[in-house]
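K.L.:
Provided below: query_37.txt, containing compact mmCIF, C-alpha atoms.
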# COMPACT_ATOMS: atom_id res chain seq x y z
CA MET R 1 176.13 134.26 220.33
CA THR R 2 173.11 135.39 218.29
CA ASP R 3 173.97 137.30 215.17
CA LEU R 4 173.29 140.88 216.39
CA GLU R 5 173.31 142.38 212.91
CA GLN R 6 170.66 139.92 211.74
CA MET R 7 168.53 140.62 214.84
CA ARG R 8 168.82 144.35 214.23
CA THR R 9 167.79 143.96 210.59
CA ASP R 10 164.82 141.76 211.49
CA LEU R 11 163.57 144.01 214.32
CA ILE R 12 163.85 147.24 212.34
CA GLY R 13 162.11 145.59 209.42
CA GLN R 14 159.24 144.53 211.66
CA ILE R 15 159.01 148.02 213.12
CA GLU R 16 158.90 149.71 209.73
CA ALA R 17 156.21 147.28 208.59
CA ALA R 18 153.99 147.93 211.62
CA THR R 19 150.69 149.58 210.62
CA SER R 20 149.30 150.63 213.99
CA PRO R 21 150.50 151.92 217.38
CA ASP R 22 149.36 148.61 218.93
CA ALA R 23 151.61 146.68 216.55
CA VAL R 24 154.55 148.93 217.43
CA GLU R 25 153.89 148.35 221.13
CA ALA R 26 153.82 144.57 220.62
CA ILE R 27 157.25 144.70 218.94
CA ARG R 28 158.63 146.89 221.76
CA VAL R 29 157.49 144.38 224.39
CA ALA R 30 158.94 141.46 222.40
CA ALA R 31 162.30 143.19 222.05
CA LEU R 32 162.75 145.45 225.07
CA GLY R 33 160.26 144.09 227.60
CA LYS R 34 161.27 142.15 230.71
CA SER R 35 161.33 138.95 228.68
CA GLY R 36 162.32 140.56 225.38
CA GLY R 37 165.08 139.34 223.09
CA VAL R 38 167.30 142.42 223.43
CA THR R 39 166.75 142.48 227.19
CA ALA R 40 167.89 138.83 227.38
CA LEU R 41 171.10 139.76 225.58
CA LEU R 42 171.74 142.59 228.03
CA LYS R 43 171.33 140.13 230.91
CA THR R 44 174.02 137.85 229.46
CA LEU R 45 176.62 140.57 229.91
CA GLY R 46 176.70 139.81 233.63
CA GLY R 47 178.06 136.29 232.99
CA MET R 48 180.81 137.34 230.55
CA SER R 49 184.45 137.86 231.25
CA PRO R 50 185.75 141.44 231.25
CA GLU R 51 187.24 140.92 227.79
CA GLN R 52 183.92 139.65 226.36
CA ARG R 53 181.94 142.49 227.92
CA GLN R 54 184.39 144.98 226.43
CA SER R 55 183.87 143.58 222.94
CA GLU R 56 180.17 142.54 223.03
CA GLY R 57 178.74 145.20 225.36
CA PRO R 58 178.93 148.12 222.91
CA ARG R 59 177.34 146.00 220.14
CA ILE R 60 174.38 144.94 222.35
CA HIS R 61 173.82 148.49 223.64
CA ALA R 62 173.98 149.81 220.08
CA LEU R 63 171.31 147.26 219.11
CA ARG R 64 169.04 148.45 221.97
CA GLU R 65 169.50 152.10 221.00
CA ALA R 66 168.80 151.40 217.32
CA VAL R 67 165.63 149.46 218.14
CA THR R 68 164.48 152.15 220.59
CA GLU R 69 165.02 154.92 218.02
CA ALA R 70 163.20 152.95 215.33
CA LEU R 71 160.24 152.35 217.67
CA THR R 72 160.03 156.05 218.58
CA THR R 73 160.23 157.15 214.94
CA ARG R 74 157.60 154.68 213.76
CA LYS R 75 155.18 155.51 216.58
CA ALA R 76 155.47 159.24 215.85
CA ALA R 77 154.83 158.61 212.15
CA LEU R 78 151.74 156.52 212.86
CA ASP R 79 150.39 159.11 215.35
CA ARG R 80 150.92 161.88 212.80
CA ALA R 81 149.17 159.89 210.09
CA ALA R 82 146.21 159.22 212.41
CA LEU R 83 145.96 162.92 213.24
CA ASP R 84 146.11 163.89 209.57
CA ALA R 85 143.34 161.42 208.78
CA ARG R 86 141.20 162.78 211.62
CA LEU R 87 141.73 166.36 210.52
CA ALA R 88 140.78 165.44 206.98
CA ALA R 89 137.59 163.72 208.17
CA GLU R 90 136.57 166.37 210.76
CA THR R 91 136.77 169.52 208.72
CA LEU R 92 135.53 172.74 210.30
CA ASP R 93 133.87 175.39 208.18
CA MET R 94 135.09 178.65 209.71
CA THR R 95 132.50 180.59 207.70
CA LEU R 96 129.62 179.12 209.72
CA PRO R 97 128.17 181.39 212.45
CA ALA R 98 129.10 180.62 216.04
CA GLU R 99 126.67 178.85 218.35
CA PRO R 100 124.27 181.40 219.84
CA LEU R 101 124.94 182.34 223.45
CA PRO R 102 122.02 182.27 225.91
CA LEU R 103 120.62 185.76 226.43
CA GLY R 104 118.70 187.09 229.38
CA THR R 105 118.02 185.60 232.79
CA ILE R 106 115.10 184.14 234.70
CA HIS R 107 113.50 186.77 236.92
CA PRO R 108 113.64 185.97 240.66
CA VAL R 109 109.83 186.00 240.83
CA SER R 110 109.61 183.36 238.08
CA GLN R 111 112.31 181.34 239.82
CA VAL R 112 110.46 181.40 243.15
CA MET R 113 107.18 180.43 241.44
CA ASP R 114 108.94 177.38 240.00
CA GLU R 115 110.37 176.51 243.43
CA LEU R 116 106.93 176.80 245.06
CA ALA R 117 105.31 174.62 242.40
CA GLU R 118 107.97 171.94 242.91
CA ILE R 119 107.76 172.01 246.72
CA PHE R 120 103.97 171.78 246.82
CA ALA R 121 103.88 169.15 244.07
CA ASP R 122 105.83 166.91 246.45
CA LEU R 123 103.07 167.55 249.04
CA GLY R 124 100.32 166.55 246.60
CA PHE R 125 99.14 170.04 245.59
CA ALA R 126 98.20 171.02 242.05
CA VAL R 127 98.72 174.48 240.54
CA ALA R 128 95.47 176.37 239.80
CA THR R 129 95.01 179.63 237.95
CA GLY R 130 92.24 182.17 237.47
CA PRO R 131 91.55 185.43 235.63
CA GLU R 132 93.27 188.63 236.74
CA ILE R 133 90.11 190.62 235.92
CA GLU R 134 87.51 189.34 238.36
CA THR R 135 83.91 190.01 239.22
CA ASP R 136 83.14 191.73 242.49
CA TRP R 137 81.43 188.50 243.60
CA TYR R 138 84.48 186.23 243.20
CA ASN R 139 86.91 188.81 244.56
CA PHE R 140 84.88 189.92 247.61
CA THR R 141 81.40 188.53 248.18
CA ALA R 142 82.16 184.82 247.81
CA LEU R 143 85.06 185.26 250.21
CA ASN R 144 82.80 186.65 252.95
CA ILE R 145 84.16 190.19 252.57
CA PRO R 146 81.31 192.53 253.56
CA GLU R 147 80.14 195.54 251.58
CA THR R 148 81.66 197.90 254.16
CA HIS R 149 85.12 196.31 254.17
CA PRO R 150 87.92 198.86 253.45
CA ALA R 151 89.34 196.62 250.69
CA ARG R 152 86.29 197.44 248.56
CA ALA R 153 87.05 201.16 248.67
CA MET R 154 88.19 202.90 245.49
CA HIS R 155 91.49 203.91 247.07
CA ASP R 156 92.38 200.24 247.70
CA THR R 157 90.99 198.49 244.62
CA PHE R 158 91.22 199.10 240.88
CA TYR R 159 87.67 199.06 239.50
CA LEU R 160 87.14 198.80 235.76
CA ALA R 161 85.23 201.61 234.14
CA GLY R 162 82.51 200.98 231.57
CA GLU R 163 79.28 199.06 231.35
CA HIS R 164 79.46 195.62 232.95
CA GLU R 165 76.77 193.19 234.04
CA LYS R 166 78.59 192.91 237.37
CA PRO R 167 81.20 195.20 238.95
CA MET R 168 84.65 194.18 237.63
CA VAL R 169 87.98 194.65 239.41
CA LEU R 170 91.63 193.82 239.01
CA ARG R 171 91.85 191.05 241.57
CA THR R 172 93.29 192.22 244.87
CA HIS R 173 94.47 188.72 245.84
CA THR R 174 94.60 185.24 244.37
CA SER R 175 91.88 184.05 246.77
CA PRO R 176 89.16 184.07 244.06
CA VAL R 177 90.94 181.00 242.65
CA GLN R 178 89.83 179.17 245.82
CA ILE R 179 86.18 179.58 244.84
CA ARG R 180 86.81 178.67 241.22
CA ALA R 181 88.80 175.55 242.20
CA MET R 182 86.04 174.36 244.55
CA GLN R 183 83.38 174.97 241.91
CA ALA R 184 85.44 173.07 239.33
CA ALA R 185 85.75 170.12 241.76
CA GLY R 186 81.96 169.86 241.91
CA GLY R 187 81.49 169.99 245.67
CA ASP R 188 82.20 166.30 246.26
CA LYS R 189 85.97 165.83 245.86
CA PRO R 190 88.98 166.92 247.95
CA VAL R 191 90.83 170.04 246.77
CA TYR R 192 94.57 170.55 247.23
CA ILE R 193 95.82 173.52 245.21
CA ILE R 194 98.17 176.47 245.21
CA ALA R 195 97.36 179.54 243.13
CA PRO R 196 100.34 181.73 242.25
CA GLY R 197 99.80 184.84 240.18
CA ARG R 198 99.66 188.61 239.76
CA THR R 199 97.47 190.80 241.96
CA TYR R 200 96.74 194.55 242.06
CA ARG R 201 96.26 197.14 244.81
CA SER R 202 96.65 200.93 245.09
CA ASP R 203 99.97 200.87 246.98
CA SER R 204 103.43 202.10 246.07
CA ASP R 205 106.48 202.32 248.36
CA ALA R 206 109.66 200.35 249.11
CA THR R 207 107.68 197.26 250.14
CA HIS R 208 104.49 197.70 248.06
CA THR R 209 103.80 198.09 244.34
CA PRO R 210 100.48 198.49 242.48
CA MET R 211 101.11 195.10 240.89
CA PHE R 212 102.66 192.27 242.89
CA HIS R 213 102.59 188.47 243.14
CA GLN R 214 100.86 186.21 245.62
CA VAL R 215 100.60 182.49 246.17
CA GLU R 216 97.44 181.11 247.71
CA GLY R 217 97.10 177.64 249.19
CA LEU R 218 93.83 175.78 249.74
CA VAL R 219 92.95 172.38 251.17
CA ILE R 220 89.35 171.15 251.28
CA ASP R 221 88.84 167.65 252.67
CA LYS R 222 87.22 165.78 255.54
CA GLY R 223 88.67 165.94 259.03
CA ILE R 224 91.08 168.82 258.34
CA THR R 225 92.44 170.64 261.44
CA LEU R 226 94.82 173.46 262.36
CA GLY R 227 97.44 170.77 262.92
CA HIS R 228 97.43 169.98 259.22
CA LEU R 229 97.83 173.67 258.45
CA LYS R 230 100.81 174.15 260.78
CA TRP R 231 102.58 171.02 259.50
CA THR R 232 102.08 172.08 255.88
CA LEU R 233 103.48 175.56 256.50
CA GLU R 234 106.48 174.24 258.45
CA THR R 235 107.28 171.69 255.73
CA PHE R 236 106.90 174.30 253.00
CA LEU R 237 109.12 176.93 254.67
CA LYS R 238 111.82 174.41 255.61
CA ALA R 239 111.98 173.23 252.00
CA TYR R 240 111.91 176.75 250.57
CA PHE R 241 114.60 178.26 252.83
CA GLU R 242 116.57 174.98 252.81
CA ARG R 243 116.95 174.98 256.59
CA ASP R 244 115.80 172.59 259.31
CA ASP R 245 115.84 175.20 262.08
CA ILE R 246 112.74 177.05 260.82
CA VAL R 247 110.54 178.03 263.78
CA LEU R 248 106.98 179.31 263.30
CA ARG R 249 104.77 181.35 265.59
CA LEU R 250 101.03 181.54 264.92
CA ARG R 251 99.27 184.65 266.25
CA PRO R 252 95.47 184.99 266.39
CA SER R 253 94.23 187.39 263.74
CA TYR R 254 91.16 188.20 261.63
CA PHE R 255 90.44 187.53 257.97
CA PRO R 256 86.89 187.51 256.62
CA PHE R 257 87.46 184.28 254.69
CA THR R 258 88.94 182.17 257.53
CA GLU R 259 87.81 181.36 261.07
CA PRO R 260 89.87 180.96 263.18
CA SER R 261 92.63 182.99 261.50
CA ALA R 262 96.33 183.26 262.26
CA GLU R 263 99.24 185.43 261.20
CA VAL R 264 102.35 183.30 260.75
CA ASP R 265 105.70 184.62 261.92
CA VAL R 266 109.03 183.00 261.09
CA GLY R 267 112.07 183.22 263.34
CA TYR R 268 115.31 184.77 262.20
CA THR R 269 118.75 185.71 263.55
CA ILE R 270 121.18 188.51 262.79
CA GLN R 271 124.51 187.29 261.43
CA ASN R 272 127.23 189.74 260.36
CA GLY R 273 124.65 192.49 260.30
CA LYS R 274 122.32 190.56 257.97
CA ARG R 275 118.96 188.94 258.62
CA VAL R 276 119.12 185.15 258.27
CA ILE R 277 115.95 183.06 258.34
CA GLY R 278 116.17 180.38 261.03
CA GLY R 279 116.23 180.24 264.82
CA SER R 280 113.98 182.30 267.07
CA ASP R 281 115.96 185.36 268.21
CA HIS R 282 113.61 187.64 266.30
CA TRP R 283 110.24 187.26 264.55
CA MET R 284 108.91 188.45 261.22
CA GLU R 285 105.47 188.02 259.66
CA VAL R 286 105.47 186.07 256.38
CA LEU R 287 102.04 184.49 255.97
CA GLY R 288 98.35 184.83 256.66
CA SER R 289 96.37 181.65 257.24
CA GLY R 290 93.39 180.00 258.88
CA MET R 291 90.58 177.48 258.63
CA VAL R 292 88.30 178.21 255.68
CA HIS R 293 85.13 180.02 256.75
CA ARG R 294 81.81 178.15 256.44
CA LYS R 295 80.44 180.78 254.08
CA VAL R 296 83.42 180.42 251.74
CA ILE R 297 82.98 176.63 251.69
CA GLU R 298 79.31 177.11 250.84
CA ALA R 299 80.15 179.64 248.09
CA GLY R 300 82.45 177.01 246.55
CA GLY R 301 79.60 174.49 246.44
CA TYR R 302 80.58 172.32 249.43
CA ASP R 303 78.66 171.36 252.56
CA PRO R 304 80.55 172.94 255.52
CA ASP R 305 79.10 170.33 257.89
CA VAL R 306 80.90 167.60 255.95
CA TRP R 307 83.96 169.33 254.46
CA GLN R 308 86.60 171.39 256.24
CA GLY R 309 89.75 173.07 255.03
CA PHE R 310 92.54 175.53 255.55
CA ALA R 311 93.97 178.33 253.44
CA PHE R 312 97.08 180.45 253.48
CA GLY R 313 98.59 183.21 251.39
CA CYS R 314 101.83 185.14 251.10
CA GLY R 315 103.65 187.47 248.74
CA ILE R 316 105.93 185.75 246.25
CA ASP R 317 107.98 188.93 245.86
CA ARG R 318 108.50 189.02 249.63
CA LEU R 319 109.62 185.38 249.65
CA ALA R 320 112.14 186.18 246.92
CA MET R 321 113.44 189.17 248.89
CA LEU R 322 113.89 187.10 252.06
CA LYS R 323 115.71 184.22 250.37
CA TYR R 324 117.82 186.00 247.78
CA GLY R 325 118.68 189.27 249.48
CA MET R 326 116.85 192.02 247.57
CA ASP R 327 115.90 195.09 249.63
CA ASP R 328 113.59 197.21 247.48
CA LEU R 329 110.47 195.67 245.95
CA ARG R 330 110.19 198.42 243.33
CA ALA R 331 113.40 197.22 241.65
CA PHE R 332 111.61 193.96 240.76
CA PHE R 333 109.59 195.77 238.10
CA ASP R 334 111.91 198.56 236.91
CA GLY R 335 113.29 196.43 234.07
CA ASP R 336 116.89 197.46 234.86
CA ILE R 337 119.08 194.99 232.96
CA ARG R 338 121.91 195.45 235.48
CA TRP R 339 119.65 194.40 238.34
CA LEU R 340 118.37 191.43 236.35
CA ARG R 341 121.91 190.28 235.50
CA HIS R 342 122.88 190.48 239.17
CA TYR R 343 119.83 188.85 240.73
CA GLY R 344 118.51 186.75 237.84
CA PHE R 345 119.00 183.04 237.31
CA GLY R 346 120.46 181.19 234.35
CA VAL R 347 118.19 178.79 232.51
CA LEU R 348 120.10 175.76 233.80
CA ASP R 349 120.89 177.12 237.27
CA VAL R 350 120.04 174.99 240.27
CA PRO R 351 118.68 177.40 242.90
CA THR R 352 120.63 177.58 246.15
CA LEU R 353 120.74 179.90 249.14
CA SER R 354 123.45 181.94 247.39
CA GLY R 355 122.39 181.46 243.76
CA GLY R 356 121.00 184.42 241.88
CA VAL R 357 122.83 187.03 243.96
CA GLY R 358 125.76 187.70 241.68
CA ALA R 359 126.82 184.06 241.81
What would the structure in this file look like if it were written as structure tokens?

P.N.:
Amino acid sequence: MTDLEQMRTDLIGQIEAATSPDAVEAIRVAALGKSGGVTALLKTLGGMSPEQRQSEGPRIHALREAVTEALTTRKAALDRAALDARLAAETLDMTLPAEPLPLGTIHPVSQVMDELAEIFADLGFAVATGPEIETDWYNFTALNIPETHPARAMHDTFYLAGEHEKPMVLRTHTSPVQIRAMQAAGGDKPVYIIAPGRTYRSDSDATHTPMFHQVEGLVIDKGITLGHLKWTLETFLKAYFERDDIVLRLRPSYFPFTEPSAEVDVGYTIQNGKRVIGGSDHWMEVLGSGMVHRKVIEAGGYDPDVWQGFAFGCGIDRLAMLKYGMDDLRAFFDGDIRWLRHYGFGVLDVPTLSGGVGA
């Protein structure tokens, strides 16, 4: 039989000389694996007589235990040495300041503006902007709003005091951007834009504030029809509310800058006492829209006999309220940090139907 003492000496020597966990594992497999030397000795016990097993069995088992203990001890020593080396190389200066935590949240209005820009970008629309202090001509006259229209009254519009070449107002809607976008296009190119931004009117209650946000949409091209308008609005609202069961109802209406004009209602249902956009059990107005009036096309520098278009507008604050569950518009602008923490969005948040409402 193999000299067990010599095998023990050789194996333990190899183990103590091993310089890595991989080397220790290789020795373990060679000694104690299925085809290992110690394992082969254990298998020979089955062919021995009872007397031989009684004398050789304890010696072979002692060899296995000694090798196993040596392997365990050497592996632990190598692991400890590796950890010590890592700790020495990766020192941490506890006197350094901690990483700054993100402060504040994204306001729901800003979040919805970003969502609108992304949705309409997929539809081929660009984002256009204009001044918040407008001339009377851009805000009213170019949009076919007559001198006698109630919107021009002092109790509806903020007029700027002082000497001005032309009457100046805080814009009452983002529609003046339509005229500016058409003028910038030069009267000979298609226009596909949305115009989100702040607007101002003399209103203040649970659903109105003196300053609020609107988004305006404008398409000027050849061969544009009401069908294009309806498809665009359906696609937009389905993407925004993240539902495929959005149902729209267009009602005839009147706006000076569109002809024909339509109020757009969206269907909703009541679930667990809450209003949920989708379905057609009930209806709620969300948009104003229509085909751009000939006079507005002319004011933008286009020939209305060649170019047609549609426009639509809605309140961004109202869209935020409908999607994210806020009830009082005035809270949007109170600056209450508790409200902002509850309804605001984190910088890296992905908006969802439940995001931003204490999620």

K.L.:
So, with only C-alpha atoms as the atoms that count, which of R:Gln271, R:Gln214, R:Ser202, R:Ser20 lies closest to R:Thr129?

P.N.:
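Result for the nearest residue to R:Thr129: R:Gln214.
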
K.L.:
Give the answer as one residue: which of R:Gly288, R:Gly130, R:Gly197, R:Gly335 has the shortest atom-to-atom distance to R:Val112, using all atoms listed in the file?

P.N.:
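Under the stated criterion, the closest residue is R:Gly197.
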
K.L.:
Which distance in Å separates atom CA of R:Gly187 and atom CA of R:Glu298, to one decimal?

P.N.:
9.1 Å

K.L.:
Which one of R:Gln14, R:Thr39, R:Thr225, R:Gln308 sits closest to R:Val296 if you count all atoms listed in the file?

P.N.:
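For R:Val296, the nearest of the given residues is R:Gln308.
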
K.L.:
Taking only C-alpha atoms into account, name the residue in R:Ala77, R:Ala311, R:Ile337, R:Ala320 that is nearest to R:His213.

P.N.:
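Looking at the shortest contact to R:His213, the residue is R:Ala320.
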
K.L.:
Using only C-alpha atoms, find the one residue out of R:Ser175, R:Ser261, R:Thr105, R:Thr73 that sits nearest to R:Thr199.

P.N.:
R:Ser175

K.L.:
Interatomic distance between atom CA of R:Arg201 and atom CA of R:Leu319?

P.N.:
18.4 Å

K.L.:
Would you kindly identify which residues have an atom no farther than 10 Å from (91.5, 201.5, 244.6), using all atoms listed in the file and the file's own coordinates, and write them out as a list in words?

P.N.:
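So the residues meeting the distance criterion are Pro150, Ala151, Arg152, Ala153, Met154, His155, Asp156, Thr157, Phe158, Tyr159, Val169, Leu170, Thr172, Tyr200, Arg201, Ser202, Asp203 and Pro210 of chain R.
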
K.L.:
With C-alpha atoms retained, write the just-selected residues as a PDB file, in the frame of the given file.

P.N.:
ATOM      1  CA  PRO R 150      87.920 198.860 253.450  1.00  0.00           C
ATOM      2  CA  ALA R 151      89.340 196.620 250.690  1.00  0.00           C
ATOM      3  CA  ARG R 152      86.290 197.440 248.560  1.00  0.00           C
ATOM      4  CA  ALA R 153      87.050 201.160 248.670  1.00  0.00           C
ATOM      5  CA  MET R 154      88.190 202.900 245.490  1.00  0.00           C
ATOM      6  CA  HIS R 155      91.490 203.910 247.070  1.00  0.00           C
ATOM      7  CA  ASP R 156      92.380 200.240 247.700  1.00  0.00           C
ATOM      8  CA  THR R 157      90.990 198.490 244.620  1.00  0.00           C
ATOM      9  CA  PHE R 158      91.220 199.100 240.880  1.00  0.00           C
ATOM     10  CA  TYR R 159      87.670 199.060 239.500  1.00  0.00           C
ATOM     11  CA  VAL R 169      87.980 194.650 239.410  1.00  0.00           C
ATOM     12  CA  LEU R 170      91.630 193.820 239.010  1.00  0.00           C
ATOM     13  CA  THR R 172      93.290 192.220 244.870  1.00  0.00           C
ATOM     14  CA  TYR R 200      96.740 194.550 242.060  1.00  0.00           C
ATOM     15  CA  ARG R 201      96.260 197.140 244.810  1.00  0.00           C
ATOM     16  CA  SER R 202      96.650 200.930 245.090  1.00  0.00           C
ATOM     17  CA  ASP R 203      99.970 200.870 246.980  1.00  0.00           C
ATOM     18  CA  PRO R 210     100.480 198.490 242.480  1.00  0.00           C
TER      19      PRO R 210
END

K.L.:
I'd like the interatomic distance between atom CA of R:Leu229 and atom CA of R:Phe241, to a tenth of an Å.

P.N.:
18.3 Å

K.L.:
Between R:Tyr254, R:Gly273, R:Leu92, R:Leu143, which one has atoms that come closest to R:Arg294, using only C-alpha atoms?

P.N.:
R:Leu143

K.L.:
Could you rebuild stretch 223-247 of chain R with N, CA and C atoms and give it back as a PDB file, in the coordinates of the input?

P.N.:
ATOM      1  N   GLY R 223      87.833 166.124 257.851  1.00  0.00           N
ATOM      2  CA  GLY R 223      88.670 165.940 259.030  1.00  0.00           C
ATOM      3  C   GLY R 223      89.911 166.807 259.067  1.00  0.00           C
ATOM      4  N   ILE R 224      89.915 167.942 258.367  1.00  0.00           N
ATOM      5  CA  ILE R 224      91.080 168.820 258.340  1.00  0.00           C
ATOM      6  C   ILE R 224      91.094 169.689 259.604  1.00  0.00           C
ATOM      7  N   THR R 225      92.295 169.865 260.202  1.00  0.00           N
ATOM      8  CA  THR R 225      92.440 170.640 261.440  1.00  0.00           C
ATOM      9  C   THR R 225      93.566 171.657 261.292  1.00  0.00           C
ATOM     10  N   LEU R 226      93.708 172.499 262.319  1.00  0.00           N
ATOM     11  CA  LEU R 226      94.820 173.460 262.360  1.00  0.00           C
ATOM     12  C   LEU R 226      96.166 172.755 262.382  1.00  0.00           C
ATOM     13  N   GLY R 227      96.189 171.532 262.919  1.00  0.00           N
ATOM     14  CA  GLY R 227      97.440 170.770 262.920  1.00  0.00           C
ATOM     15  C   GLY R 227      97.948 170.502 261.516  1.00  0.00           C
ATOM     16  N   HIS R 228      97.032 170.186 260.613  1.00  0.00           N
ATOM     17  CA  HIS R 228      97.430 169.980 259.220  1.00  0.00           C
ATOM     18  C   HIS R 228      97.995 171.270 258.624  1.00  0.00           C
ATOM     19  N   LEU R 229      97.358 172.390 258.959  1.00  0.00           N
ATOM     20  CA  LEU R 229      97.830 173.670 258.450  1.00  0.00           C
ATOM     21  C   LEU R 229      99.247 173.962 258.936  1.00  0.00           C
ATOM     22  N   LYS R 230      99.489 173.825 260.227  1.00  0.00           N
ATOM     23  CA  LYS R 230     100.810 174.150 260.780  1.00  0.00           C
ATOM     24  C   LYS R 230     101.887 173.233 260.197  1.00  0.00           C
ATOM     25  N   TRP R 231     101.587 171.938 260.072  1.00  0.00           N
ATOM     26  CA  TRP R 231     102.580 171.020 259.500  1.00  0.00           C
ATOM     27  C   TRP R 231     102.900 171.392 258.055  1.00  0.00           C
ATOM     28  N   THR R 232     101.865 171.720 257.285  1.00  0.00           N
ATOM     29  CA  THR R 232     102.080 172.080 255.880  1.00  0.00           C
ATOM     30  C   THR R 232     102.956 173.317 255.761  1.00  0.00           C
ATOM     31  N   LEU R 233     102.694 174.334 256.562  1.00  0.00           N
ATOM     32  CA  LEU R 233     103.480 175.560 256.500  1.00  0.00           C
ATOM     33  C   LEU R 233     104.918 175.328 256.944  1.00  0.00           C
ATOM     34  N   GLU R 234     105.113 174.549 257.991  1.00  0.00           N
ATOM     35  CA  GLU R 234     106.480 174.240 258.450  1.00  0.00           C
ATOM     36  C   GLU R 234     107.253 173.486 257.371  1.00  0.00           C
ATOM     37  N   THR R 235     106.619 172.490 256.771  1.00  0.00           N
ATOM     38  CA  THR R 235     107.280 171.690 255.730  1.00  0.00           C
ATOM     39  C   THR R 235     107.626 172.563 254.526  1.00  0.00           C
ATOM     40  N   PHE R 236     106.682 173.414 254.141  1.00  0.00           N
ATOM     41  CA  PHE R 236     106.900 174.300 253.000  1.00  0.00           C
ATOM     42  C   PHE R 236     108.073 175.252 253.261  1.00  0.00           C
ATOM     43  N   LEU R 237     108.084 175.926 254.408  1.00  0.00           N
ATOM     44  CA  LEU R 237     109.120 176.930 254.670  1.00  0.00           C
ATOM     45  C   LEU R 237     110.490 176.280 254.874  1.00  0.00           C
ATOM     46  N   LYS R 238     110.534 175.110 255.468  1.00  0.00           N
ATOM     47  CA  LYS R 238     111.820 174.410 255.610  1.00  0.00           C
ATOM     48  C   LYS R 238     112.383 174.051 254.237  1.00  0.00           C
ATOM     49  N   ALA R 239     111.516 173.588 253.341  1.00  0.00           N
ATOM     50  CA  ALA R 239     111.980 173.230 252.000  1.00  0.00           C
ATOM     51  C   ALA R 239     112.386 174.478 251.221  1.00  0.00           C
ATOM     52  N   TYR R 240     111.630 175.542 251.352  1.00  0.00           N
ATOM     53  CA  TYR R 240     111.910 176.750 250.570  1.00  0.00           C
ATOM     54  C   TYR R 240     113.205 177.419 251.013  1.00  0.00           C
ATOM     55  N   PHE R 241     113.378 177.598 252.334  1.00  0.00           N
ATOM     56  CA  PHE R 241     114.600 178.260 252.830  1.00  0.00           C
ATOM     57  C   PHE R 241     115.755 177.301 253.001  1.00  0.00           C
ATOM     58  N   GLU R 242     115.511 175.999 252.756  1.00  0.00           N
ATOM     59  CA  GLU R 242     116.570 174.980 252.810  1.00  0.00           C
ATOM     60  C   GLU R 242     117.249 174.947 254.172  1.00  0.00           C
ATOM     61  N   ARG R 243     116.429 175.023 255.218  1.00  0.00           N
ATOM     62  CA  ARG R 243     116.950 174.980 256.590  1.00  0.00           C
ATOM     63  C   ARG R 243     116.008 174.128 257.441  1.00  0.00           C
ATOM     64  N   ASP R 244     116.598 173.402 258.397  1.00  0.00           N
ATOM     65  CA  ASP R 244     115.800 172.590 259.310  1.00  0.00           C
ATOM     66  C   ASP R 244     115.467 173.315 260.604  1.00  0.00           C
ATOM     67  N   ASP R 245     116.071 174.487 260.824  1.00  0.00           N
ATOM     68  CA  ASP R 245     115.840 175.200 262.080  1.00  0.00           C
ATOM     69  C   ASP R 245     114.772 176.284 261.934  1.00  0.00           C
ATOM     70  N   ILE R 246     113.834 176.104 260.991  1.00  0.00           N
ATOM     71  CA  ILE R 246     112.740 177.050 260.820  1.00  0.00           C
ATOM     72  C   ILE R 246     111.773 176.903 262.003  1.00  0.00           C
ATOM     73  N   VAL R 247     111.467 178.026 262.642  1.00  0.00           N
ATOM     74  CA  VAL R 247     110.540 178.030 263.780  1.00  0.00           C
ATOM     75  C   VAL R 247     109.397 178.973 263.436  1.00  0.00           C
TER      76      VAL R 247
END
